[in-house]
Structure formats: C-alpha cells, structure tokens
file final.cif (mmCIF, C-alpha atoms)
data_model
loop_
_atom_site.group_PDB
_atom_site.id
_atom_site.type_symbol
_atom_site.label_atom_id
_atom_site.label_comp_id
_atom_site.auth_asym_id
_atom_site.auth_seq_id
_atom_site.Cartn_x
_atom_site.Cartn_y
_atom_site.Cartn_z
ATOM 1 C CA MET A 12 0.000 0.000 0.000
ATOM 2 C CA ASN A 13 2.815 2.378 0.936
ATOM 3 C CA ARG A 14 4.623 1.442 -2.296
ATOM 4 C CA LEU A 15 1.511 2.320 -4.326
ATOM 5 C CA LYS A 16 1.193 5.681 -2.538
ATOM 6 C CA ARG A 17 4.848 6.462 -3.216
ATOM 7 C CA MET A 18 4.435 5.564 -6.898
ATOM 8 C CA LEU A 19 1.374 7.802 -7.256
ATOM 9 C CA HIS A 20 3.125 10.603 -5.399
ATOM 10 C CA TYR A 21 6.223 10.382 -7.642
ATOM 11 C CA ARG A 22 4.110 10.268 -10.786
ATOM 12 C CA PHE A 23 2.126 13.336 -9.703
ATOM 13 C CA GLN A 24 5.319 15.238 -8.932
ATOM 14 C CA SER A 25 6.922 14.263 -12.240
ATOM 15 C CA ARG A 26 3.875 15.284 -14.263
ATOM 16 C CA THR A 27 3.632 18.582 -12.384
ATOM 17 C CA ALA A 28 7.312 19.246 -13.050
ATOM 18 C CA ILE A 29 6.898 18.422 -16.743
ATOM 19 C CA VAL A 30 3.941 20.789 -17.158
ATOM 20 C CA ALA A 31 5.637 23.577 -15.215
ATOM 21 C CA PHE A 32 8.889 23.220 -17.148
ATOM 22 C CA ALA A 33 7.080 23.147 -20.502
ATOM 23 C CA LEU A 34 5.178 26.315 -19.619
ATOM 24 C CA LEU A 35 8.423 27.971 -18.538
ATOM 25 C CA ILE A 36 10.073 27.152 -21.870
ATOM 26 C CA PHE A 37 7.043 28.408 -23.797
ATOM 27 C CA VAL A 38 6.963 31.719 -21.904
ATOM 28 C CA ALA A 39 10.715 32.119 -22.411
ATOM 29 C CA GLY A 40 10.279 31.481 -26.126
ATOM 30 C CA VAL A 41 7.498 34.032 -26.481
ATOM 31 C CA LEU A 42 9.461 36.662 -24.552
ATOM 32 C CA GLN A 43 12.722 35.927 -26.337
ATOM 33 C CA ALA A 44 11.318 35.946 -29.881
ATOM 34 C CA PRO A 45 10.784 39.745 -30.124
ATOM 35 C CA MET A 46 14.320 40.312 -28.790
ATOM 36 C CA LEU A 47 15.771 37.987 -31.422
ATOM 37 C CA ALA A 48 13.833 39.683 -34.237
ATOM 38 C CA LYS A 49 15.760 42.653 -35.589
ATOM 39 C CA ALA A 50 14.372 45.068 -38.130
ATOM 40 C CA ASP A 51 15.689 44.589 -41.654
ATOM 41 C CA THR A 52 15.737 47.330 -44.298
ATOM 42 C CA PHE A 53 14.697 46.619 -47.885
ATOM 43 C CA THR A 54 15.149 49.225 -50.644
ATOM 44 C CA GLU A 55 14.375 49.226 -54.343
ATOM 45 C CA THR A 56 15.204 52.187 -56.601
ATOM 46 C CA PHE A 57 14.248 53.175 -60.134
ATOM 47 C CA LEU A 58 16.186 55.643 -62.253
ATOM 48 C CA GLY A 59 19.774 56.497 -61.509
ATOM 49 C CA GLY A 60 20.161 59.876 -59.896
ATOM 50 C CA ILE A 61 20.508 63.594 -60.467
ATOM 51 C CA GLY A 62 22.399 64.464 -63.629
ATOM 52 C CA ASP A 63 23.166 60.909 -64.789
ATOM 53 C CA GLY A 64 20.904 61.025 -67.859
ATOM 54 C CA ASP A 65 18.564 58.323 -66.524
ATOM 55 C CA TYR A 66 15.206 59.981 -65.791
ATOM 56 C CA PHE A 67 11.555 60.325 -66.826
ATOM 57 C CA ASP A 68 10.355 63.566 -68.424
ATOM 58 C CA VAL A 69 6.720 63.859 -67.347
ATOM 59 C CA SER A 70 4.792 66.362 -69.439
ATOM 60 C CA GLU A 71 1.429 67.783 -68.413
ATOM 61 C CA GLY A 72 -1.214 65.062 -68.716
ATOM 62 C CA TRP A 73 1.341 62.232 -68.596
ATOM 63 C CA TYR A 74 2.101 59.842 -65.754
ATOM 64 C CA ALA A 75 4.822 57.442 -64.654
ATOM 65 C CA ARG A 76 4.009 54.005 -63.242
ATOM 66 C CA PHE A 77 6.475 52.371 -60.823
ATOM 67 C CA VAL A 78 6.063 48.713 -59.897
ATOM 68 C CA PHE A 79 8.137 47.870 -56.828
ATOM 69 C CA ASN A 80 8.714 44.221 -55.964
ATOM 70 C CA LEU A 81 11.022 43.444 -53.048
ATOM 71 C CA THR A 82 10.831 39.665 -53.560
ATOM 72 C CA MET A 83 11.941 39.074 -57.157
ATOM 73 C CA LEU A 84 13.488 40.487 -60.329
ATOM 74 C CA GLY A 85 11.627 41.551 -63.435
ATOM 75 C CA GLU A 86 9.381 44.480 -62.504
ATOM 76 C CA THR A 87 9.612 47.747 -64.432
ATOM 77 C CA ALA A 88 8.744 51.434 -64.447
ATOM 78 C CA ALA A 89 7.177 53.034 -67.512
ATOM 79 C CA LEU A 90 6.098 56.455 -68.780
ATOM 80 C CA TYR A 91 2.607 56.806 -70.245
ATOM 81 C CA SER A 92 1.070 59.425 -72.503
ATOM 82 C CA PRO A 93 -2.474 60.826 -71.954
ATOM 83 C CA SER A 94 -3.848 58.184 -74.332
ATOM 84 C CA ASP A 95 -2.517 55.459 -71.972
ATOM 85 C CA SER A 96 -0.242 54.092 -74.679
ATOM 86 C CA VAL A 97 3.090 52.906 -73.292
ATOM 87 C CA GLU A 98 5.934 55.071 -74.513
ATOM 88 C CA SER A 99 9.423 53.876 -75.288
ATOM 89 C CA TYR A 100 10.559 54.907 -71.813
ATOM 90 C CA ARG A 101 10.676 51.735 -69.772
ATOM 91 C CA GLU A 102 13.180 51.111 -67.016
ATOM 92 C CA THR A 103 14.245 48.259 -64.756
ATOM 93 C CA PRO A 104 15.412 49.015 -61.207
ATOM 94 C CA THR A 105 18.892 50.387 -60.687
ATOM 95 C CA ASP A 106 18.821 48.821 -57.211
ATOM 96 C CA ASP A 107 16.699 45.652 -57.357
ATOM 97 C CA GLU A 108 15.784 44.167 -53.969
ATOM 98 C CA THR A 109 14.930 40.440 -53.898
ATOM 99 C CA THR A 110 15.489 39.282 -50.292
ATOM 100 C CA PHE A 111 12.103 40.203 -48.821
ATOM 101 C CA ILE A 112 9.944 37.130 -48.029
ATOM 102 C CA ALA A 113 6.261 37.706 -48.739
ATOM 103 C CA ASN A 114 3.949 37.623 -45.713
ATOM 104 C CA ALA A 115 6.810 36.688 -43.358
ATOM 105 C CA TYR A 116 7.498 40.193 -42.036
ATOM 106 C CA GLN A 117 5.730 42.753 -39.907
ATOM 107 C CA ILE A 118 6.016 46.204 -41.502
ATOM 108 C CA GLU A 119 7.518 48.766 -39.104
ATOM 109 C CA ALA A 120 8.127 51.675 -41.527
ATOM 110 C CA ALA A 121 7.675 52.332 -45.241
ATOM 111 C CA GLU A 122 8.505 55.361 -47.382
ATOM 112 C CA LEU A 123 8.260 56.337 -51.013
ATOM 113 C CA GLY A 124 10.978 58.751 -52.062
ATOM 114 C CA PHE A 125 11.186 60.881 -55.202
ATOM 115 C CA THR A 126 13.654 63.415 -56.555
ATOM 116 C CA PHE A 127 12.181 65.830 -59.092
ATOM 117 C CA ALA A 128 13.906 68.362 -61.333
ATOM 118 C CA SER A 129 12.908 71.240 -63.585
ATOM 119 C CA ALA A 130 14.644 73.387 -66.181
ATOM 120 C CA ASP A 131 11.964 76.094 -66.311
ATOM 121 C CA ILE A 132 13.022 79.677 -65.648
ATOM 122 C CA ALA A 133 9.773 80.452 -63.839
ATOM 123 C CA SER A 134 9.360 79.876 -60.124
ATOM 124 C CA GLU A 135 7.733 76.471 -59.903
ATOM 125 C CA GLU A 136 4.250 75.869 -58.559
ATOM 126 C CA ILE A 137 4.194 72.117 -59.026
ATOM 127 C CA THR A 138 1.391 69.791 -57.917
ATOM 128 C CA ILE A 139 2.304 66.129 -57.738
ATOM 129 C CA TYR A 140 -0.372 63.462 -57.600
ATOM 130 C CA SER A 141 0.474 59.931 -56.573
ATOM 131 C CA SER A 142 -2.002 57.098 -56.932
ATOM 132 C CA PHE A 143 -1.302 54.066 -54.728
ATOM 133 C CA MET A 144 -2.213 50.732 -56.311
ATOM 134 C CA ASP A 145 -2.601 47.109 -55.269
ATOM 135 C CA GLY A 146 -2.709 45.203 -58.531
ATOM 136 C CA ASP A 147 -5.481 46.940 -60.459
ATOM 137 C CA GLU A 148 -7.150 48.312 -57.315
ATOM 138 C CA ASN A 149 -6.720 52.022 -56.682
ATOM 139 C CA LEU A 150 -6.034 52.492 -52.969
ATOM 140 C CA GLY A 151 -6.284 56.263 -53.245
ATOM 141 C CA THR A 152 -4.944 59.275 -55.125
ATOM 142 C CA TYR A 153 -3.215 61.950 -53.075
ATOM 143 C CA GLN A 154 -2.083 65.473 -53.898
ATOM 144 C CA PHE A 155 1.304 66.783 -52.801
ATOM 145 C CA GLU A 156 2.093 70.479 -53.177
ATOM 146 C CA LEU A 157 5.775 71.163 -53.751
ATOM 147 C CA GLY A 158 5.127 74.886 -54.191
ATOM 148 C CA ASN A 159 8.272 77.037 -54.405
ATOM 149 C CA VAL A 160 10.589 74.476 -52.824
ATOM 150 C CA TRP A 161 12.691 74.065 -55.975
ATOM 151 C CA THR A 162 16.297 74.999 -55.217
ATOM 152 C CA LEU A 163 19.024 75.859 -57.679
ATOM 153 C CA LEU A 164 21.391 72.897 -57.966
ATOM 154 C CA SER A 165 23.402 73.938 -61.030
ATOM 155 C CA GLY A 166 23.183 76.391 -63.878
ATOM 156 C CA SER A 167 20.381 74.513 -65.623
ATOM 157 C CA TYR A 168 18.278 72.384 -63.250
ATOM 158 C CA LYS A 169 16.386 72.903 -60.025
ATOM 159 C CA THR A 170 15.562 69.937 -57.798
ATOM 160 C CA ALA A 171 13.138 69.013 -55.024
ATOM 161 C CA GLU A 172 12.620 65.917 -52.922
ATOM 162 C CA LEU A 173 9.353 64.350 -51.829
ATOM 163 C CA THR A 174 9.131 61.693 -49.111
ATOM 164 C CA ILE A 175 5.804 59.941 -48.499
ATOM 165 C CA ASN A 176 5.258 57.970 -45.294
ATOM 166 C CA LEU A 177 3.009 55.121 -46.433
ATOM 167 C CA LEU A 178 2.034 54.187 -42.882
ATOM 168 C CA ASP A 179 0.393 57.607 -42.544
ATOM 169 C CA TYR A 180 -2.119 56.349 -45.129
ATOM 170 C CA GLY A 181 -2.668 52.966 -43.450
ATOM 171 C CA LEU A 182 -1.026 50.985 -46.251
ATOM 172 C CA GLU A 183 1.218 48.686 -44.200
ATOM 173 C CA ASN A 184 -0.980 45.634 -44.845
ATOM 174 C CA TYR A 185 -0.622 46.128 -48.596
ATOM 175 C CA LEU A 186 3.172 45.948 -48.269
ATOM 176 C CA GLU A 187 3.316 42.557 -46.548
ATOM 177 C CA ASP A 188 3.605 40.759 -49.902
ATOM 178 C CA GLY A 189 6.581 42.974 -50.838
ATOM 179 C CA ARG A 190 4.858 44.432 -53.897
ATOM 180 C CA PHE A 191 3.634 48.001 -54.295
ATOM 181 C CA ILE A 192 2.611 50.150 -57.281
ATOM 182 C CA THR A 193 2.427 53.925 -57.498
ATOM 183 C CA LEU A 194 1.529 56.331 -60.285
ATOM 184 C CA VAL A 195 3.086 59.808 -60.405
ATOM 185 C CA ILE A 196 0.734 62.038 -62.379
ATOM 186 C CA ALA A 197 1.230 65.499 -63.902
ATOM 187 C CA PHE A 198 -2.298 66.903 -63.911
ATOM 188 C CA GLU A 199 -3.062 70.293 -65.455
ATOM 189 C CA SER A 200 -2.174 73.008 -62.956
ATOM 190 C CA GLY A 201 -3.279 76.310 -64.475
ATOM 191 C CA CYS A 202 -1.312 79.032 -66.243
ATOM 192 C CA LEU A 203 2.104 77.374 -65.897
ATOM 193 C CA PRO A 204 2.646 73.935 -67.426
ATOM 194 C CA ASN A 205 2.866 71.193 -64.834
ATOM 195 C CA ASP A 206 5.849 69.377 -66.294
ATOM 196 C CA PHE A 207 8.830 67.961 -64.451
ATOM 197 C CA ARG A 208 11.282 65.152 -64.602
ATOM 198 C CA ILE A 209 11.749 62.311 -62.112
ATOM 199 C CA ASP A 210 15.387 61.620 -61.351
ATOM 200 C CA THR A 211 14.862 58.915 -58.722
ATOM 201 C CA ALA A 212 12.005 56.869 -57.284
ATOM 202 C CA SER A 213 12.509 54.485 -54.383
ATOM 203 C CA LEU A 214 10.625 52.327 -51.909
ATOM 204 C CA THR A 215 12.217 51.669 -48.504
ATOM 205 C CA VAL A 216 10.638 49.240 -46.042
ATOM 206 C CA GLU A 217 11.738 48.383 -42.518
ATOM 207 C CA ALA A 218 10.305 45.107 -41.262
ATOM 208 C CA THR A 219 10.816 42.470 -38.589
ATOM 209 C CA PRO A 220 10.241 38.722 -38.990
ATOM 210 C CA VAL A 221 6.951 37.487 -37.588
ATOM 211 C CA PRO A 222 7.970 36.274 -34.075
ATOM 212 C CA ILE A 223 5.454 33.448 -33.416
ATOM 213 C CA PRO A 224 7.452 30.510 -34.898
ATOM 214 C CA ALA A 225 10.343 31.021 -32.447
ATOM 215 C CA GLY A 226 8.137 30.399 -29.422
ATOM 216 C CA ILE A 227 6.570 27.352 -31.032
ATOM 217 C CA TRP A 228 9.969 25.849 -31.833
ATOM 218 C CA LEU A 229 11.165 26.339 -28.248
ATOM 219 C CA LEU A 230 7.964 24.813 -26.880
ATOM 220 C CA GLY A 231 8.287 21.837 -29.191
ATOM 221 C CA ALA A 232 11.923 21.294 -28.240
ATOM 222 C CA GLY A 233 11.058 21.497 -24.546
ATOM 223 C CA LEU A 234 8.211 18.995 -24.834
ATOM 224 C CA LEU A 235 10.399 16.535 -26.741
ATOM 225 C CA GLY A 236 13.093 16.758 -24.090
ATOM 226 C CA LEU A 237 10.659 16.437 -21.223
ATOM 227 C CA SER A 238 8.954 13.422 -22.754
ATOM 228 C CA GLY A 239 12.302 11.640 -22.567
ATOM 229 C CA ILE A 240 12.681 12.593 -18.888
ATOM 230 C CA ARG A 241 9.185 11.311 -18.164
ATOM 231 C CA ARG A 242 9.922 7.931 -19.773
ATOM 232 C CA LYS A 243 13.046 7.579 -17.616
ATOM 233 C CA LEU A 244 11.146 8.386 -14.413
ATOM 234 C CA LYS A 245 8.399 5.953 -15.323
ATOM 235 C CA GLY A 246 10.922 3.194 -15.955
ATOM 236 C CA ARG A 247 12.549 3.729 -12.550
ATOM 237 C CA LEU A 248 9.240 3.651 -10.710
ATOM 238 C CA LEU A 249 8.164 0.440 -12.387
#
call {"tool": "encode", "arguments": {"input": "final.cif", "output": "structure tokens"}}
result
Amino acid sequence: MNRLKRMLHYRFQSRTAIVAFALLIFVAGVLQAPMLAKADTFTETFLGGIGDGDYFDVSEGWYARFVFNLTMLGETAALYSPSDSVESYRETPTDDETTFIANAYQIEAAELGFTFASADIASEEITIYSSFMDGDENLGTYQFELGNVWTLLSGSYKTAELTINLLDYGLENYLEDGRFITLVIAFESGCLPNDFRIDTASLTVEATPVPIPAGIWLLGAGLLGLSGIRRKLKGRLL
C-alpha cells in the first residue's frame, strides 16, 4: 500500500514538473522571440540619380508608373502618354531588392521617395499626384504640393525631394507581400505647365520577422526533451 502511494506521489510530482517546465520554456520562447527579431531594411530604386541622364520627363497630362517588388526580379517602371499608350521609356530598377519574403514580415516603416527636377526659368508651382495601387485596385490618389521648394542645384536644373510615409495612409498591410505600385501624375495646374522630370524613385521598407514561430519551436523542443525525462522516471518507478 505504501509502495503504491509512493508511486502515485512520484508520478504526480513528475507530471507537475513536466507541465511547469514546458510552460516555462514556452513563456521564455514568447518573450525571447521579439528580442531575437531585428528590423531589416529593404530598398528598391528606379532611375539612376541627379544628372546621370537616366530619368523620366513627365509632361502635363502624362504619368509614370512604378512597380516595386522586393521579392523578385523583373518588374519595371514606364512612362505613359495621356492616351494610356506605353511610350518607349521603360526602365528596370537600378537597385533591385529580392530578399524580402512575402507575408513573413511585420512592416515597421515604409517610405516612397522621389527626386524631381525642372529646367523652367519660372518659379515652380508644381502639384504632384500619386495614386497608390494594389494590382489593379486604386487604394487612393493623393495630392502633394511642392510649391516654391525648388532649389538651384546647377546652372540649368532645379531639384526638389518628396518623401511619403506610407504608414500615414494605413497601407502597411498592402506591403506585406513585398509588392507596391504607385503612379506619379502630372495633372493640369493652371497658367504654368505642370511638367517635371523624375530623377529617382525608391521604396524603402523596414520590417521584422513574424515572431510566433520562435516560441513554437522552443515549446516543441522542450516537450520533446521532457517526454524523454518522463519515460526515464516511469521506468525507474516500475
């Protein structure tokens, strides 16, 4: 009778220890996963830079379409006329990111960056429209006033930069697949022609790996190890 009581007591203690240890490993895994996950930066750029001869001239009524894909090669940017016919201006990225894994990252920050230039003598009153796309779905068209921010860079061109925080527009979920499309449109602006050139266009995303798998792996490893301990204890008691 005493032997049976001791066996039941040892089994209860061993099972309690197994459950407690497994829970401890799981909690440690969940807490450790965010610390192990570091933010990675992914950048893709179209067009070369200021003064390198690689740019889009966007006349009034025209638009440029940039297809960013952080997961693979092969996407392009193109310049379109008002009739929507594709012009001969088609570019591949000058900096082509491919290391982003679709739906495996949590987006922490995302920015679209543009550098514009103008050769007009007049003080510029430029209105830039950017339409954000997801496939063929228009997520919204937004107006950005550059106003008189053009600054003299050299004897012939004036430049201005525009940075768009995509998280301000609630678009982080649309970036989880690593693909994003934007149109830069030169709508009619009044007495002065709304024409400009785009010297650079870039998408920069900061993201961290989704942390859940780390905790699951630690829990699984702990349960496997503890199952071995339990078998040993059971063998001794019997």
call {"tool": "resolve_selection", "arguments": {"input": "final.cif", "expression": "the PyMOL selection byres ((chain A and resi 208) around 8)", "output": "PDB file with C-alpha atoms, in the frame of the given file"}}
result
ATOM      1  CA  TYR A  66      15.206  59.981 -65.791  1.00  0.00           C
ATOM      2  CA  PHE A  67      11.555  60.325 -66.826  1.00  0.00           C
ATOM      3  CA  ASP A  68      10.355  63.566 -68.424  1.00  0.00           C
ATOM      4  CA  VAL A  69       6.720  63.859 -67.347  1.00  0.00           C
ATOM      5  CA  PHE A 127      12.181  65.830 -59.092  1.00  0.00           C
ATOM      6  CA  ALA A 128      13.906  68.362 -61.333  1.00  0.00           C
ATOM      7  CA  SER A 129      12.908  71.240 -63.585  1.00  0.00           C
ATOM      8  CA  ASP A 206       5.849  69.377 -66.294  1.00  0.00           C
ATOM      9  CA  PHE A 207       8.830  67.961 -64.451  1.00  0.00           C
ATOM     10  CA  ILE A 209      11.749  62.311 -62.112  1.00  0.00           C
ATOM     11  CA  ASP A 210      15.387  61.620 -61.351  1.00  0.00           C
TER      12      ASP A 210
END
call {"tool": "atom_distance", "arguments": {"input": "final.cif", "atom1": "CA of Arg76 (chain A)", "atom2": "CA of Leu157 (chain A)"}}
result
19.7 Å
call {"tool": "atom_distance", "arguments": {"input": "final.cif", "atom1": "CA of Tyr91 (chain A)", "atom2": "CA of Leu194 (chain A)"}}
result
10.0 Å
call {"tool": "residues_around", "arguments": {"input": "final.cif", "residues": "Phe198 (chain A)", "least_positions_apart": "3", "cutoff": "10 Å", "atoms": "all atoms listed in the file", "output": "PyMOL selection string"}}
result
chain A and resi 70-74+137-140+195+201+204-206
call {"tool": "atom_distance", "arguments": {"input": "final.cif", "atom1": "CA of Gly181 (chain A)", "atom2": "CA of Glu119 (chain A)"}}
result
11.8 Å
call {"tool": "residues_around", "arguments": {"input": "final.cif", "residues": "Ile118 (chain A)", "least_positions_apart": "6", "cutoff": "7 Å", "atoms": "only C-alpha atoms", "output": "list in words"}}
result
Glu183, Glu187, Glu217, Ala218 and Thr219 of chain A
call {"tool": "resolve_selection", "arguments": {"input": "final.cif", "expression": "the PyMOL selection byres ((chain A and resi 215) around 9)", "output": "PyMOL selection string"}}
result
chain A and resi 52-56+120-124+213-214+216-217
call {"tool": "resolve_selection", "arguments": {"input": "final.cif", "expression": "the PyMOL selection byres ((chain A and resi 191) around 8)", "output": "count of residues only"}}
result
12
call {"tool": "closest_residue", "arguments": {"input": "final.cif", "among": "A:Ala89, A:Leu84, A:Ala50, A:Leu177", "to": "Leu150 (chain A)", "atoms": "all atoms listed in the file"}}
result
A:Leu177
call {"tool": "residues_around", "arguments": {"input": "final.cif", "residues": "Arg101 (chain A)", "least_positions_apart": "2", "cutoff": "7 Å", "atoms": "only C-alpha atoms", "output": "list in words"}}
result
Thr87, Ala88, Ala89, Leu90 and Ser99 of chain A
call {"tool": "closest_residue", "arguments": {"input": "final.cif", "among": "A:Ser96, A:Met83, A:Ile175, A:Thr170", "to": "Tyr153 (chain A)", "atoms": "all atoms listed in the file"}}
result
A:Ile175
call {"tool": "residues_around", "arguments": {"input": "final.cif", "residues": "Gly59 (chain A)", "least_positions_apart": "6", "cutoff": "7 Å", "atoms": "only C-alpha atoms", "output": "MDAnalysis selection string"}}
result
chainID A and resid 65 105 210:211
